[in-house]
>>> print(open('target38.txt').read())   # compact mmCIF, C-alpha atoms
# COMPACT_ATOMS: atom_id res chain seq x y z
CA PRO A 1 0.00 0.00 0.00
CA GLY A 2 1.09 3.57 -0.64
CA ASN A 3 1.79 6.23 1.94
CA PRO A 4 -1.58 7.86 2.77
CA PHE A 5 0.18 11.13 3.63
CA ASN A 6 1.00 11.56 -0.05
CA ASP A 7 -2.72 12.27 -0.54
CA ARG A 8 -3.57 15.85 0.41
CA ARG A 9 -7.09 14.74 1.39
CA PHE A 10 -5.60 12.57 4.13
CA ARG A 11 -3.61 15.49 5.52
CA GLN A 12 -6.68 17.72 5.36
CA ALA A 13 -8.77 15.11 7.17
CA ILE A 14 -6.26 14.96 10.02
CA TYR A 15 -6.25 18.75 10.26
CA LEU A 16 -10.05 18.85 10.47
CA VAL A 17 -10.67 15.93 12.82
CA ILE A 18 -8.43 17.00 15.74
CA ASP A 19 -10.51 18.77 18.39
CA VAL A 20 -7.88 21.34 19.29
CA GLU A 21 -10.17 23.46 21.46
CA ARG A 22 -10.78 20.43 23.67
CA ILE A 23 -7.06 19.79 23.97
CA ILE A 24 -6.47 23.40 25.00
CA ARG A 25 -9.35 23.36 27.45
CA GLU A 26 -8.58 20.03 29.11
CA THR A 27 -4.80 19.94 28.87
CA PHE A 28 -3.53 23.51 28.81
CA HIS A 29 -6.31 25.10 30.92
CA GLU A 30 -7.16 27.59 28.15
CA TYR A 31 -3.53 28.81 27.86
CA GLY A 32 -3.37 28.23 24.14
CA GLU A 33 -5.00 28.86 20.78
CA PRO A 34 -6.00 26.58 17.90
CA ALA A 35 -3.44 26.99 15.12
CA ASN A 36 -4.77 27.83 11.66
CA GLN A 37 -1.23 28.08 10.28
CA PRO A 38 2.23 27.04 11.49
CA VAL A 39 3.20 30.41 13.02
CA PRO A 40 1.24 32.54 15.55
CA PRO A 41 -0.01 36.10 14.99
CA ALA A 42 3.06 37.74 16.56
CA ILE A 43 5.31 36.38 13.79
CA PHE A 44 6.07 38.50 10.72
CA GLY A 45 4.49 36.56 7.87
CA TYR A 46 1.40 35.38 9.74
CA ASN A 47 -1.54 35.53 7.35
CA PRO A 48 -4.66 37.00 9.01
CA SER A 49 -6.79 36.30 5.92
CA LEU A 50 -6.68 32.52 6.43
CA PRO A 51 -9.87 31.03 7.91
CA ARG A 52 -10.04 30.17 11.57
CA ARG A 53 -9.44 26.54 12.37
CA SER A 54 -12.61 24.45 12.48
CA HIS A 55 -13.24 21.03 14.01
CA ASP A 56 -15.25 19.26 11.32
CA GLN A 57 -15.49 15.51 11.74
CA ALA A 58 -18.10 15.15 9.01
CA ARG A 59 -15.91 16.83 6.40
CA ALA A 60 -12.88 14.85 7.59
CA ARG A 61 -14.75 11.57 7.21
CA ALA A 62 -15.99 12.62 3.77
CA LEU A 63 -12.41 13.22 2.64
CA ILE A 64 -11.40 9.75 3.85
CA ALA A 65 -14.39 8.28 2.01
CA GLU A 66 -13.25 10.05 -1.20
CA MET A 67 -9.94 8.21 -0.80
CA GLY A 68 -11.76 4.89 -0.73
CA GLY A 69 -11.70 4.52 3.04
CA PRO A 70 -9.06 4.69 5.77
CA PRO A 71 -5.72 2.95 5.29
CA LYS A 72 -5.74 -0.59 6.66
CA ASP A 73 -2.24 -0.48 8.12
CA PRO A 74 -1.89 0.85 11.70
CA LEU A 75 -0.60 4.40 12.03
CA THR A 76 2.21 5.12 14.51
CA LEU A 77 2.24 8.61 16.01
CA ASP A 78 5.62 9.37 17.58
CA MET A 79 5.83 11.95 20.36
CA PRO A 80 8.20 13.05 23.12
CA GLU A 81 7.22 11.49 26.43
CA ASN A 82 5.87 14.72 27.92
CA ALA A 83 3.62 15.28 24.89
CA VAL A 84 2.27 11.74 25.10
CA ARG A 85 1.14 12.32 28.65
CA ARG A 86 -0.50 15.64 27.84
CA VAL A 87 -2.01 15.35 24.37
CA GLY A 88 -1.42 11.80 23.17
CA PRO A 89 -4.79 10.35 24.22
CA HIS A 90 -6.68 13.31 22.75
CA VAL A 91 -5.03 13.08 19.33
CA GLN A 92 -5.31 9.29 19.27
CA ARG A 93 -9.03 9.43 20.06
CA ASP A 94 -9.71 12.02 17.37
CA LEU A 95 -7.75 10.18 14.67
CA GLU A 96 -9.60 6.99 15.46
CA GLN A 97 -12.83 8.82 14.53
CA LEU A 98 -11.58 8.48 10.94
CA GLY A 99 -11.45 4.71 11.20
CA LEU A 100 -7.68 4.71 11.71
CA THR A 101 -5.85 2.32 13.96
CA VAL A 102 -3.44 4.55 15.87
CA ARG A 103 -0.52 3.63 18.12
CA VAL A 104 1.07 6.45 20.12
CA GLN A 105 4.78 5.83 20.60
CA PRO A 106 6.60 7.80 23.35
CA HIS A 107 10.29 8.69 23.12
CA ALA A 108 12.77 10.30 25.46
CA TRP A 109 13.44 13.77 24.02
CA ARG A 110 17.03 13.02 23.00
CA ASP A 111 15.99 9.88 21.15
CA PHE A 112 13.00 11.64 19.58
CA TYR A 113 15.11 14.50 18.28
CA ARG A 114 17.80 12.20 16.90
CA LYS A 115 15.27 9.99 15.11
CA MET A 116 13.38 13.01 13.79
CA MET A 117 16.50 14.63 12.33
CA ASN A 118 17.56 11.31 10.80
CA GLY A 119 14.20 11.01 9.06
CA ASP A 120 13.32 7.88 11.02
CA LEU A 121 9.89 9.12 12.14
CA GLY A 122 7.02 9.06 9.68
CA PHE A 123 4.21 10.77 11.61
CA TYR A 124 5.13 12.74 14.69
CA LEU A 125 4.16 15.66 16.91
CA SER A 126 6.78 18.30 17.52
CA GLY A 127 7.03 22.02 18.18
CA TRP A 128 8.66 24.94 16.41
CA SER A 129 9.67 28.46 17.38
CA CYS A 130 10.63 31.30 15.03
CA GLY A 131 13.52 32.71 17.01
CA SER A 132 13.93 35.78 14.80
CA GLY A 133 10.22 36.61 14.84
CA ASP A 134 10.05 35.99 11.09
CA ALA A 135 8.16 33.20 9.29
CA SER A 136 11.19 32.59 7.07
CA ASP A 137 12.72 30.68 10.01
CA PHE A 138 10.01 28.08 9.54
CA TYR A 139 9.96 28.14 5.74
CA ASP A 140 13.75 27.84 5.41
CA ALA A 141 14.09 24.94 7.83
CA CYS A 142 10.85 22.99 7.51
CA ILE A 143 9.32 23.65 4.07
CA HIS A 144 12.14 24.28 1.60
CA ALA A 145 13.72 21.17 0.07
CA ARG A 146 16.90 19.91 1.71
CA THR A 147 19.37 21.62 -0.57
CA GLY A 148 21.61 24.66 -0.61
CA GLY A 149 21.61 25.12 3.15
CA PHE A 150 17.82 24.97 3.38
CA GLY A 151 15.49 22.29 4.70
CA GLU A 152 17.43 21.29 7.79
CA VAL A 153 14.24 20.06 9.49
CA ASN A 154 12.36 19.09 6.31
CA VAL A 155 12.56 15.47 7.37
CA GLY A 156 9.36 14.62 5.50
CA ASN A 157 11.14 15.60 2.28
CA CYS A 158 8.56 18.16 1.19
CA SER A 159 9.53 19.24 -2.31
CA ASP A 160 7.94 21.98 -4.38
CA PRO A 161 10.38 23.87 -6.65
CA SER A 162 8.02 26.81 -7.16
CA LEU A 163 7.53 27.16 -3.41
CA ASP A 164 11.28 26.90 -2.85
CA GLN A 165 11.80 29.72 -5.32
CA ARG A 166 9.32 31.93 -3.48
CA ILE A 167 10.98 31.18 -0.14
CA GLU A 168 14.39 32.08 -1.55
CA SER A 169 13.08 35.27 -3.18
CA SER A 170 11.66 36.44 0.16
CA HIS A 171 15.25 36.91 1.34
CA THR A 172 16.00 39.37 -1.46
CA ILE A 173 13.14 41.80 -0.74
CA LEU A 174 14.02 44.80 1.44
CA ASN A 175 10.64 46.53 1.33
CA ALA A 176 8.80 45.27 4.43
CA LYS A 177 5.32 45.56 2.90
CA GLU A 178 6.31 43.65 -0.24
CA ARG A 179 8.12 41.02 1.77
CA LEU A 180 5.16 40.55 4.10
CA ALA A 181 2.92 39.91 1.11
CA ILE A 182 5.32 37.24 -0.18
CA LEU A 183 5.54 35.51 3.21
CA GLN A 184 1.77 35.56 3.63
CA GLY A 185 1.32 34.16 0.13
CA ILE A 186 3.67 31.31 0.97
CA MET A 187 1.61 30.66 4.09
CA SER A 188 -1.56 30.38 2.00
CA THR A 189 0.12 27.72 -0.14
CA VAL A 190 1.42 25.87 2.93
CA MET A 191 -2.09 25.70 4.39
CA GLU A 192 -3.54 24.59 1.06
CA GLU A 193 -1.03 21.76 0.68
CA LEU A 194 -0.45 20.98 4.38
CA PRO A 195 3.06 19.52 4.19
CA VAL A 196 2.91 20.05 7.96
CA ILE A 197 -0.29 20.03 10.02
CA PRO A 198 -0.46 22.81 12.62
CA VAL A 199 -2.27 21.96 15.85
CA TYR A 200 -2.03 24.64 18.55
CA TYR A 201 -0.08 27.62 19.87
CA ILE A 202 0.86 27.67 23.55
CA ASN A 203 0.57 31.04 25.29
CA GLU A 204 3.30 31.93 27.76
CA TYR A 205 2.74 34.41 30.57
CA ASN A 206 5.38 36.07 32.73
CA ALA A 207 4.84 37.91 35.98
CA ALA A 208 7.11 40.25 37.92
CA ALA A 209 6.84 41.78 41.36
CA ARG A 210 7.85 45.40 41.88
CA LYS A 211 9.42 44.61 45.23
CA VAL A 212 11.95 42.32 43.57
CA ASN A 213 15.23 44.04 42.69
CA TRP A 214 17.10 42.65 39.70
>>> encode(input="target38.txt", output="structure tokens")
Amino acid sequence: PGNPFNDRRFRQAIYLVIDVERIIRETFHEYGEPANQPVPPAIFGYNPSLPRRSHDQARARALIAEMGGPPKDPLTLDMPENAVRRVGPHVQRDLEQLGLTVRVQPHAWRDFYRKMMNGDLGFYLSGWSCGSGDASDFYDACIHARTGGFGEVNVGNCSDPSLDQRIESSHTILNAKERLAILQGIMSTVMEELPVIPVYYINEYNAAARKVNW
């Protein structure tokens, strides 16, 4: 049998079937947001025109039906141990609504990272942070093909020459408005094709007391 992830409908079904609001409510105590794209609103390149994420089991099941039904082989979902404890059961339950047989496999973080970077994991949950505040961090490392210094974390071997060209051209634009439009256009394509499936953003809060001297 072929790899079901090669079918965009399968990736779309997974995106639609995960009840992210429930995960945030029951696991993160509301300190998070459903992700409708791989980077949060604070990142330069976030596309506010993309639709809000929706939990649509009926549409997800219809997409699987269009494919001829769910794949018969079990699906292994690899996660770091801490993620398995927090979100593993939620994601497993939702994926099984599609008729999938899902096995959640925990890994110590060091082993998970090594296997991920070696391309040994097929379907996994991981996080990403744009350290520079720019969506190009994500595009360069995770979306661009693994060539010419790009694609360091593109372990799924996503390959789209036209998308690669747009990612590279974004580095040559100095006008912020023009560059933002290019980055947001790339994001639209990423969400149409779903080479990665965003799940949630985690909100972080910091508090300081005035009586504390630094």
>>> residues_around(input="target38.txt", residues="A:Gly99", least_positions_apart="2", cutoff="12 Å", atoms="all atoms listed in the file", output="PDB file with C-alpha atoms, in the frame of the given file")
ATOM      1  CA  ALA A  13      -8.770  15.110   7.170  1.00  0.00           C
ATOM      2  CA  ILE A  14      -6.260  14.960  10.020  1.00  0.00           C
ATOM      3  CA  VAL A  17     -10.670  15.930  12.820  1.00  0.00           C
ATOM      4  CA  GLN A  57     -15.490  15.510  11.740  1.00  0.00           C
ATOM      5  CA  ALA A  60     -12.880  14.850   7.590  1.00  0.00           C
ATOM      6  CA  ARG A  61     -14.750  11.570   7.210  1.00  0.00           C
ATOM      7  CA  ALA A  62     -15.990  12.620   3.770  1.00  0.00           C
ATOM      8  CA  ILE A  64     -11.400   9.750   3.850  1.00  0.00           C
ATOM      9  CA  ALA A  65     -14.390   8.280   2.010  1.00  0.00           C
ATOM     10  CA  GLY A  68     -11.760   4.890  -0.730  1.00  0.00           C
ATOM     11  CA  GLY A  69     -11.700   4.520   3.040  1.00  0.00           C
ATOM     12  CA  PRO A  70      -9.060   4.690   5.770  1.00  0.00           C
ATOM     13  CA  PRO A  71      -5.720   2.950   5.290  1.00  0.00           C
ATOM     14  CA  LYS A  72      -5.740  -0.590   6.660  1.00  0.00           C
ATOM     15  CA  ASP A  73      -2.240  -0.480   8.120  1.00  0.00           C
ATOM     16  CA  PRO A  74      -1.890   0.850  11.700  1.00  0.00           C
ATOM     17  CA  LEU A  75      -0.600   4.400  12.030  1.00  0.00           C
ATOM     18  CA  GLN A  92      -5.310   9.290  19.270  1.00  0.00           C
ATOM     19  CA  ARG A  93      -9.030   9.430  20.060  1.00  0.00           C
ATOM     20  CA  ASP A  94      -9.710  12.020  17.370  1.00  0.00           C
ATOM     21  CA  LEU A  95      -7.750  10.180  14.670  1.00  0.00           C
ATOM     22  CA  GLU A  96      -9.600   6.990  15.460  1.00  0.00           C
ATOM     23  CA  GLN A  97     -12.830   8.820  14.530  1.00  0.00           C
ATOM     24  CA  THR A 101      -5.850   2.320  13.960  1.00  0.00           C
ATOM     25  CA  VAL A 102      -3.440   4.550  15.870  1.00  0.00           C
TER      26      VAL A 102
END
>>> residues_around(input="target38.txt", residues="A:Tyr31", least_positions_apart="4", cutoff="10 Å", atoms="all atoms listed in the file", output="ChimeraX atom specification")
/A:24-25,27,201-205
>>> residues_around(input="target38.txt", residues="A:Phe5", least_positions_apart="4", cutoff="12 Å", atoms="only C-alpha atoms", output="list in words")
Pro1, Arg9, Phe10, Arg11, Gln12, Ala13, Ile14, Tyr15, Ile64, Met67, Pro70, Pro71, Leu75, Gly122, Phe123, Gly156, Asn157, Cys158, Glu193, Leu194, Pro195, Val196 and Ile197 of chain A
>>> axis_aligned_box(input="target38.txt", around="stretch 181-196 of chain A", padding_each_side="3 Å", output="lines of an AutoDock Vina configuration file")
center_x = 1.0
center_y = 29.7
center_z = 3.9
size_x = 15.1
size_y = 26.4
size_z = 14.1
>>> atom_distance(input="target38.txt", atom1="atom CA of A:Val87", atom2="atom CA of A:Ser126")
11.5 Å
>>> residues_around(input="target38.txt", residues="A:Ser170", least_positions_apart="6", cutoff="8 Å", atoms="only C-alpha atoms", output="list in words")
Ser136, Arg179, Ile182 and Leu183 of chain A
>>> write_last_selection(input="target38.txt", atoms="C-alpha atoms", output="mmCIF file, in the frame of the given file")
data_model
loop_
_atom_site.group_PDB
_atom_site.id
_atom_site.type_symbol
_atom_site.label_atom_id
_atom_site.label_comp_id
_atom_site.auth_asym_id
_atom_site.auth_seq_id
_atom_site.Cartn_x
_atom_site.Cartn_y
_atom_site.Cartn_z
ATOM 1 C CA SER A 136 11.190 32.590 7.070
ATOM 2 C CA ARG A 179 8.120 41.020 1.770
ATOM 3 C CA ILE A 182 5.320 37.240 -0.180
ATOM 4 C CA LEU A 183 5.540 35.510 3.210
#
